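As provided, run-v3.cif (mmCIF, C-alpha atoms) reads as follows.
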data_my_file
#
loop_
_atom_site.label_atom_id
_atom_site.label_comp_id
_atom_site.auth_asym_id
_atom_site.auth_seq_id
_atom_site.Cartn_x
_atom_site.Cartn_y
_atom_site.Cartn_z
CA MET A 1 -20.27 20.50 0.86
CA THR A 2 -18.44 17.81 -1.06
CA GLY A 3 -18.03 14.43 0.52
CA ARG A 4 -15.20 12.00 0.04
CA VAL A 5 -14.42 8.34 0.61
CA LEU A 6 -11.36 7.13 2.47
CA TRP A 7 -11.02 3.46 1.54
CA PHE A 8 -8.80 1.54 3.98
CA THR A 9 -7.74 -1.79 2.46
CA GLY A 10 -5.44 -4.46 3.88
CA LEU A 11 -5.33 -7.88 5.45
CA SER A 12 -7.46 -8.95 8.40
CA GLY A 13 -5.78 -7.53 11.50
CA ALA A 14 -3.79 -4.90 9.60
CA GLY A 15 -5.33 -2.05 11.62
CA LYS A 16 -7.84 -0.66 9.12
CA SER A 17 -10.75 -0.19 11.53
CA THR A 18 -8.56 1.09 14.36
CA ILE A 19 -6.89 3.73 12.19
CA ALA A 20 -10.20 4.69 10.54
CA ALA A 21 -11.79 5.24 13.98
CA ILE A 22 -9.00 7.60 15.03
CA VAL A 23 -9.18 9.49 11.72
CA GLY A 24 -12.97 9.67 12.01
CA ARG A 25 -12.88 11.21 15.48
CA GLU A 26 -10.48 13.92 14.29
CA LEU A 27 -12.56 14.65 11.19
CA GLU A 28 -15.72 14.91 13.29
CA ALA A 29 -13.92 17.28 15.68
CA ALA A 30 -13.02 19.38 12.63
CA GLY A 31 -16.71 19.58 11.68
CA ALA A 32 -17.00 16.85 9.05
CA SER A 33 -20.05 14.62 8.78
CA VAL A 34 -18.50 11.14 9.07
CA GLU A 35 -19.99 7.74 8.27
CA TYR A 36 -18.27 4.39 8.81
CA LEU A 37 -18.62 1.32 6.61
CA ASP A 38 -16.67 -1.40 8.40
CA GLY A 39 -16.36 -4.70 6.55
CA ASP A 40 -17.43 -6.84 9.52
CA VAL A 41 -20.44 -4.64 10.29
CA VAL A 42 -21.51 -4.49 6.63
CA ARG A 43 -21.38 -8.29 6.40
CA THR A 44 -23.72 -8.47 9.39
CA HIS A 45 -26.32 -6.07 8.02
CA LEU A 46 -25.99 -5.29 4.31
CA SER A 47 -24.30 -8.44 3.04
CA LYS A 48 -25.68 -11.06 5.41
CA GLY A 49 -25.70 -14.45 3.77
CA LEU A 50 -22.74 -13.85 1.50
CA GLY A 51 -19.87 -16.29 1.79
CA PHE A 52 -16.21 -15.84 0.98
CA SER A 53 -16.05 -17.00 -2.63
CA LYS A 54 -14.56 -14.50 -5.05
CA GLU A 55 -18.04 -13.73 -6.40
CA ASP A 56 -19.44 -13.08 -2.92
CA ARG A 57 -16.46 -10.95 -1.91
CA ASP A 58 -16.86 -8.92 -5.10
CA THR A 59 -20.58 -8.45 -4.41
CA ASN A 60 -19.82 -7.30 -0.86
CA ILE A 61 -17.25 -4.72 -1.98
CA GLU A 62 -19.48 -3.47 -4.79
CA ARG A 63 -22.30 -2.97 -2.28
CA ILE A 64 -19.98 -1.04 0.02
CA GLY A 65 -18.81 1.08 -2.92
CA TRP A 66 -22.38 1.88 -3.94
CA VAL A 67 -23.42 2.88 -0.42
CA ALA A 68 -20.23 4.92 0.04
CA SER A 69 -20.87 6.76 -3.23
CA ARG A 70 -24.39 7.70 -2.15
CA LEU A 71 -23.28 8.94 1.26
CA ALA A 72 -20.39 10.94 -0.21
CA ARG A 73 -22.73 12.44 -2.81
CA HIS A 74 -24.63 13.99 0.09
CA GLY A 75 -21.53 15.46 1.70
CA ALA A 76 -20.42 12.74 4.11
CA THR A 77 -16.84 11.73 4.59
CA VAL A 78 -17.11 7.96 4.40
CA LEU A 79 -14.49 5.80 6.08
CA VAL A 80 -14.51 2.32 4.58
CA SER A 81 -12.44 -0.33 6.32
CA ALA A 82 -12.77 -3.55 4.36
CA ILE A 83 -10.19 -6.10 3.29
CA SER A 84 -11.27 -5.64 -0.36
CA PRO A 85 -8.75 -8.18 -1.65
CA TYR A 86 -9.14 -7.79 -5.41
CA ALA A 87 -7.80 -4.84 -7.41
CA GLU A 88 -10.52 -5.03 -10.07
CA THR A 89 -13.32 -4.78 -7.51
CA ARG A 90 -11.63 -1.88 -5.70
CA ALA A 91 -11.42 -0.15 -9.09
CA LYS A 92 -15.18 -0.64 -9.57
CA ALA A 93 -15.83 0.85 -6.13
CA ARG A 94 -13.55 3.79 -6.99
CA ALA A 95 -15.44 4.40 -10.24
CA MET A 96 -18.81 4.43 -8.44
CA VAL A 97 -17.55 6.89 -5.85
CA GLU A 98 -15.73 9.16 -8.29
CA GLU A 99 -18.99 9.88 -10.10
CA PHE A 100 -19.79 12.04 -7.07
CA ALA A 101 -16.78 12.56 -4.83
CA PRO A 102 -13.04 12.02 -4.35
CA PHE A 103 -11.82 8.50 -3.52
CA VAL A 104 -8.67 8.06 -1.42
CA GLU A 105 -7.31 4.53 -1.38
CA ILE A 106 -5.29 3.85 1.76
CA HIS A 107 -3.32 0.61 1.83
CA VAL A 108 -2.80 -0.45 5.43
CA ALA A 109 0.31 -2.47 4.66
CA THR A 110 0.99 -5.14 7.25
CA SER A 111 2.62 -8.52 6.72
CA VAL A 112 0.69 -11.76 7.17
CA GLU A 113 3.07 -12.66 9.99
CA GLU A 114 2.32 -9.43 11.88
CA CYS A 115 -1.43 -9.77 11.31
CA ALA A 116 -1.27 -13.33 12.66
CA ARG A 117 0.66 -12.09 15.71
CA ARG A 118 -2.03 -9.45 16.39
CA ASP A 119 -4.95 -11.84 15.80
CA VAL A 120 -6.98 -12.13 19.01
CA LYS A 121 -9.70 -14.25 17.33
CA GLY A 122 -7.32 -17.03 16.27
CA LEU A 123 -8.42 -16.81 12.62
CA TYR A 124 -4.90 -16.98 11.20
CA ALA A 125 -4.06 -20.08 13.25
CA LYS A 126 -7.18 -21.76 11.88
CA ALA A 127 -6.32 -20.64 8.34
CA PHE A 128 -2.73 -21.92 8.63
CA ASN A 129 -4.15 -25.28 9.81
CA GLY A 130 -6.52 -25.44 6.83
CA GLU A 131 -9.63 -24.96 8.97
CA LEU A 132 -10.63 -21.71 7.22
CA PRO A 133 -10.61 -22.10 3.46
CA GLU A 134 -10.50 -18.96 1.34
CA PHE A 135 -8.80 -16.88 4.04
CA THR A 136 -7.28 -13.75 2.53
CA GLY A 137 -3.50 -13.67 2.63
CA VAL A 138 -3.20 -17.36 3.53
CA SER A 139 -5.26 -19.54 1.18
CA ASP A 140 -6.85 -16.76 -0.90
CA PRO A 141 -4.97 -13.90 -2.58
CA TYR A 142 -4.72 -10.30 -1.48
CA GLU A 143 -3.87 -8.03 -4.40
CA ALA A 144 -2.09 -5.10 -2.79
CA PRO A 145 -2.80 -1.73 -4.40
CA GLU A 146 -0.13 -0.78 -6.93
CA SER A 147 -0.56 2.98 -6.55
CA PRO A 148 -2.71 3.91 -3.56
CA GLU A 149 -2.97 7.53 -2.58
CA LEU A 150 -1.46 6.50 0.78
CA ARG A 151 0.44 3.43 1.93
CA LEU A 152 0.63 3.06 5.70
CA GLU A 153 3.40 0.81 6.99
CA THR A 154 1.97 -0.22 10.36
CA GLU A 155 4.56 -2.60 11.76
CA GLY A 156 6.32 -1.10 14.75
CA ARG A 157 4.11 2.00 14.63
CA ALA A 158 1.25 3.13 16.82
CA ALA A 159 -2.17 3.39 15.18
CA ALA A 160 -2.31 7.05 16.19
CA ASP A 161 0.87 7.76 14.19
CA CYS A 162 -0.64 6.07 11.13
CA ALA A 163 -3.85 8.09 11.59
CA ARG A 164 -1.79 11.30 11.81
CA GLU A 165 -0.28 10.41 8.41
CA VAL A 166 -3.79 10.18 6.93
CA LEU A 167 -4.86 13.46 8.53
CA ASP A 168 -1.70 15.17 7.26
CA TYR A 169 -2.46 13.90 3.75
CA LEU A 170 -5.96 15.39 4.06
CA GLY A 171 -4.60 18.66 5.45
CA VAL A 172 -6.47 18.26 8.75
CA ARG A 173 -4.77 19.65 11.86
CA ALA A 174 -5.80 18.25 15.23
#

The structure in this file should be written as structure tokens.
Amino acid sequence: MTGRVLWFTGLSGAGKSTIAAIVGRELEAAGASVEYLDGDVVRTHLSKGLGFSKEDRDTNIERIGWVASRLARHGATVLVSAISPYAETRAKARAMVEEFAPFVEIHVATSVEECARRDVKGLYAKAFNGELPEFTGVSDPYEAPESPELRLETEGRAAADCAREVLDYLGVRA
């Protein structure tokens, strides 16, 4: 069985983890072996101690790409939900994965304004006030994918509708 990696990228609060969780449940119901690599969880366990400099962010994404490639090599469908702000580093992750399995880049496209509106942790407010330096989309760049396999416009849409778009792309019927 061939694995694959679904790489959800977008700003903090865009809906990456929420959409990935819905997609994952449907894939599991269809019999797929699913693993999740959520950016926040990975930073707690695999990348503990890394900061938010460009070098540390690159290291974090490269680690996620390496782990995803190994899991996919053994047949897992890996759902990565990580901001992954830099195009070059996403390309490195893609290259690692594509040695073993397909890589599907999914841009969860949501404006900074909408992400700030959704933000229950107050991170955007702190970033706008200068209290969080190097915050992606505010004081640090987010390089949106130029040609992702899927681009999900989330504003004004339910997460379940966005997940359905991913499942349709994959040919999975719920």

Residue contacts of range 138-143 of chain A (7 Å, all atoms listed in the file) excluding same-chain residues fewer than 6 positions away, as a JSON list (two decimals) with C-alpha atoms, keeping the file's coordinate frame:
[["chain", "number", "residue", "atom", "x", "y", "z"],
["A", 85, "PRO", "CA", -8.75, -8.18, -1.65],
["A", 86, "TYR", "CA", -9.14, -7.79, -5.41],
["A", 87, "ALA", "CA", -7.80, -4.84, -7.41],
["A", 127, "ALA", "CA", -6.32, -20.64, 8.34],
["A", 128, "PHE", "CA", -2.73, -21.92, 8.63]]

Open item on the list: As a check of understanding, name the residues that the PyMOL selection byres ((chain A and resi 66) around 12) selects in the supplied structure, as a VMD selection string.
Closed with: chain A and resid 5 37 46 59 to 65 67 to 73 78 80 89 to 90 92 to 100

Surrounding residues of Val23 in chain A excluding itself and chain neighbours under 4 positions, 7 Å, only C-alpha atoms, as a compact mmCIF listing (two decimals) with C-alpha atoms, in the coordinates of the input:
# COMPACT_ATOMS: atom_id res chain seq x y z
CA ILE A 19 -6.89 3.73 12.19
CA LEU A 27 -12.56 14.65 11.19
CA ALA A 163 -3.85 8.09 11.59
CA LEU A 167 -4.86 13.46 8.53

- [ ] Please indicate the distance in Å from CA of Phe8 in chain A to CA of Gly51 in chain A, rounded to one decimal place.
- [x] 21.1 Å

Starting from the displayed file, determine the output of the PyMOL selection byres ((chain A and resi 107) around 10) and express the residue list as a PDB file with C-alpha atoms, in the frame of the given file.
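Wrote it out as part33.pdb, contents follow:
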ATOM      1  CA  TRP A   7     -11.020   3.460   1.540  1.00  0.00           C
ATOM      2  CA  PHE A   8      -8.800   1.540   3.980  1.00  0.00           C
ATOM      3  CA  THR A   9      -7.740  -1.790   2.460  1.00  0.00           C
ATOM      4  CA  GLY A  10      -5.440  -4.460   3.880  1.00  0.00           C
ATOM      5  CA  LEU A  11      -5.330  -7.880   5.450  1.00  0.00           C
ATOM      6  CA  ALA A  14      -3.790  -4.900   9.600  1.00  0.00           C
ATOM      7  CA  LYS A  16      -7.840  -0.660   9.120  1.00  0.00           C
ATOM      8  CA  ILE A  83     -10.190  -6.100   3.290  1.00  0.00           C
ATOM      9  CA  VAL A 104      -8.670   8.060  -1.420  1.00  0.00           C
ATOM     10  CA  GLU A 105      -7.310   4.530  -1.380  1.00  0.00           C
ATOM     11  CA  ILE A 106      -5.290   3.850   1.760  1.00  0.00           C
ATOM     12  CA  VAL A 108      -2.800  -0.450   5.430  1.00  0.00           C
ATOM     13  CA  ALA A 109       0.310  -2.470   4.660  1.00  0.00           C
ATOM     14  CA  THR A 110       0.990  -5.140   7.250  1.00  0.00           C
ATOM     15  CA  ALA A 144      -2.090  -5.100  -2.790  1.00  0.00           C
ATOM     16  CA  PRO A 145      -2.800  -1.730  -4.400  1.00  0.00           C
ATOM     17  CA  GLU A 146      -0.130  -0.780  -6.930  1.00  0.00           C
ATOM     18  CA  SER A 147      -0.560   2.980  -6.550  1.00  0.00           C
ATOM     19  CA  PRO A 148      -2.710   3.910  -3.560  1.00  0.00           C
ATOM     20  CA  GLU A 149      -2.970   7.530  -2.580  1.00  0.00           C
ATOM     21  CA  LEU A 150      -1.460   6.500   0.780  1.00  0.00           C
ATOM     22  CA  ARG A 151       0.440   3.430   1.930  1.00  0.00           C
ATOM     23  CA  LEU A 152       0.630   3.060   5.700  1.00  0.00           C
ATOM     24  CA  GLU A 153       3.400   0.810   6.990  1.00  0.00           C
TER      25      GLU A 153
END

Open item on the list: Would you compute the distance between CA of Gly156 in chain A and CA of Asp168 in chain A? Give it in Å to one decimal.
Closed with: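 About the pair CA of Gly156 in chain A and CA of Asp168 in chain A: they are 19.6 Å apart.
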
Task: Nearest to Pro102 in chain A by atom-to-atom distance, counting all atoms listed in the file, from A:Lys126, A:Arg157, A:Arg173, A:Arg4 - done: A:Arg4

TODO: Calculate how many Å separate CA of Cys115 in chain A from CA of Thr77 in chain A, rounding to one decimal.
DONE: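 Going from CA of Cys115 in chain A over to CA of Thr77 in chain A, I get 27.3 Å.
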
- [ ] Rank A:Tyr124, A:Phe135, A:Tyr36, A:Phe103 by their smallest atom-to-atom distance to Ala82 in chain A, using all atoms listed in the file, and report the top residue only.
- [x]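 Among A:Tyr124, A:Phe135, A:Tyr36, A:Phe103, it is A:Tyr36 that comes nearest to Ala82 in chain A.
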
Open item on the list: I'd like to know which of A:Leu6, A:Ser12, A:Glu28, A:Ala20 is closest to Cys162 in chain A, using all atoms listed in the file.
Closed with: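 Result for the nearest residue to Cys162 in chain A: A:Ala20.
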
Would you compute an axis-aligned box for range 17-26 of chain A, covering every atom listed for it in the file with 6 Å of margin on each side, and report centre and edge lengths in Å to one decimal as lines of an AutoDock Vina configuration file?
center_x = -9.9
center_y = 6.9
center_z = 13.0
size_x = 18.1
size_y = 26.1
size_z = 16.9

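Taking all atoms listed in the file into account, Gly13 in chain A lies nearest to A:Asp40 out of the set A:Asp56, A:Asp40, A:Glu131, A:Ala101.
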
Task: Residue nearest Gly31 in chain A - candidates A:Gly75, A:Gly15, A:Pro133, A:Gly49, atoms counted: all atoms listed in the file - done: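 When distances to Gly31 in chain A are compared using all atoms listed in the file, the smallest one comes from A:Gly75.
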
N, CA and C atoms for range 33-58 of chain A, written as a short mmCIF file (atom, residue, chain, number, x, y, z; two decimals), in the frame of the given file, could you do that?
data_model
loop_
_atom_site.label_atom_id
_atom_site.label_comp_id
_atom_site.auth_asym_id
_atom_site.auth_seq_id
_atom_site.Cartn_x
_atom_site.Cartn_y
_atom_site.Cartn_z
N SER A 33 -19.02 15.63 8.57
CA SER A 33 -20.05 14.62 8.78
C SER A 33 -19.42 13.29 8.37
N VAL A 34 -19.25 12.38 9.31
CA VAL A 34 -18.50 11.14 9.07
C VAL A 34 -19.42 9.93 9.19
N GLU A 35 -19.29 9.02 8.24
CA GLU A 35 -19.99 7.74 8.27
C GLU A 35 -18.95 6.64 8.14
N TYR A 36 -19.19 5.53 8.82
CA TYR A 36 -18.27 4.39 8.81
C TYR A 36 -18.93 3.20 8.11
N LEU A 37 -18.19 2.58 7.22
CA LEU A 37 -18.62 1.32 6.61
C LEU A 37 -17.51 0.30 6.89
N ASP A 38 -17.64 -0.40 7.99
CA ASP A 38 -16.67 -1.40 8.40
C ASP A 38 -17.06 -2.74 7.79
N GLY A 39 -16.09 -3.44 7.24
CA GLY A 39 -16.36 -4.70 6.55
C GLY A 39 -17.13 -5.71 7.39
N ASP A 40 -16.75 -5.88 8.65
CA ASP A 40 -17.43 -6.84 9.52
C ASP A 40 -18.88 -6.43 9.79
N VAL A 41 -19.09 -5.14 10.01
CA VAL A 41 -20.44 -4.64 10.29
C VAL A 41 -21.31 -4.75 9.03
N VAL A 42 -20.76 -4.40 7.89
CA VAL A 42 -21.51 -4.49 6.63
C VAL A 42 -21.92 -5.93 6.36
N ARG A 43 -21.03 -6.87 6.62
CA ARG A 43 -21.38 -8.29 6.40
C ARG A 43 -22.51 -8.74 7.30
N THR A 44 -22.64 -8.13 8.47
CA THR A 44 -23.72 -8.47 9.39
C THR A 44 -25.06 -7.93 8.93
N HIS A 45 -25.06 -6.74 8.34
CA HIS A 45 -26.32 -6.07 8.02
C HIS A 45 -26.64 -6.01 6.53
N LEU A 46 -25.72 -5.52 5.73
CA LEU A 46 -25.99 -5.29 4.31
C LEU A 46 -25.69 -6.52 3.45
N SER A 47 -24.72 -7.29 3.85
CA SER A 47 -24.30 -8.44 3.04
C SER A 47 -24.47 -9.77 3.75
N LYS A 48 -25.41 -9.83 4.67
CA LYS A 48 -25.68 -11.06 5.41
C LYS A 48 -26.01 -12.18 4.41
N GLY A 49 -25.44 -13.32 4.65
CA GLY A 49 -25.70 -14.45 3.77
C GLY A 49 -24.65 -14.67 2.70
N LEU A 50 -23.82 -13.67 2.47
CA LEU A 50 -22.74 -13.85 1.50
C LEU A 50 -21.62 -14.67 2.14
N GLY A 51 -21.01 -15.50 1.32
CA GLY A 51 -19.87 -16.29 1.79
C GLY A 51 -18.56 -15.60 1.44
N PHE A 52 -17.53 -16.40 1.23
CA PHE A 52 -16.21 -15.84 0.98
C PHE A 52 -15.63 -16.29 -0.36
N SER A 53 -16.51 -16.71 -1.27
CA SER A 53 -16.05 -17.00 -2.63
C SER A 53 -15.66 -15.68 -3.28
N LYS A 54 -14.94 -15.74 -4.36
CA LYS A 54 -14.56 -14.50 -5.05
C LYS A 54 -15.81 -13.72 -5.46
N GLU A 55 -16.81 -14.40 -5.98
CA GLU A 55 -18.04 -13.73 -6.40
C GLU A 55 -18.73 -13.02 -5.23
N ASP A 56 -18.80 -13.69 -4.09
CA ASP A 56 -19.44 -13.08 -2.92
C ASP A 56 -18.62 -11.92 -2.37
N ARG A 57 -17.31 -12.06 -2.37
CA ARG A 57 -16.46 -10.95 -1.91
C ARG A 57 -16.63 -9.75 -2.83
N ASP A 58 -16.66 -10.01 -4.14
CA ASP A 58 -16.86 -8.92 -5.10
C ASP A 58 -18.20 -8.23 -4.86
#
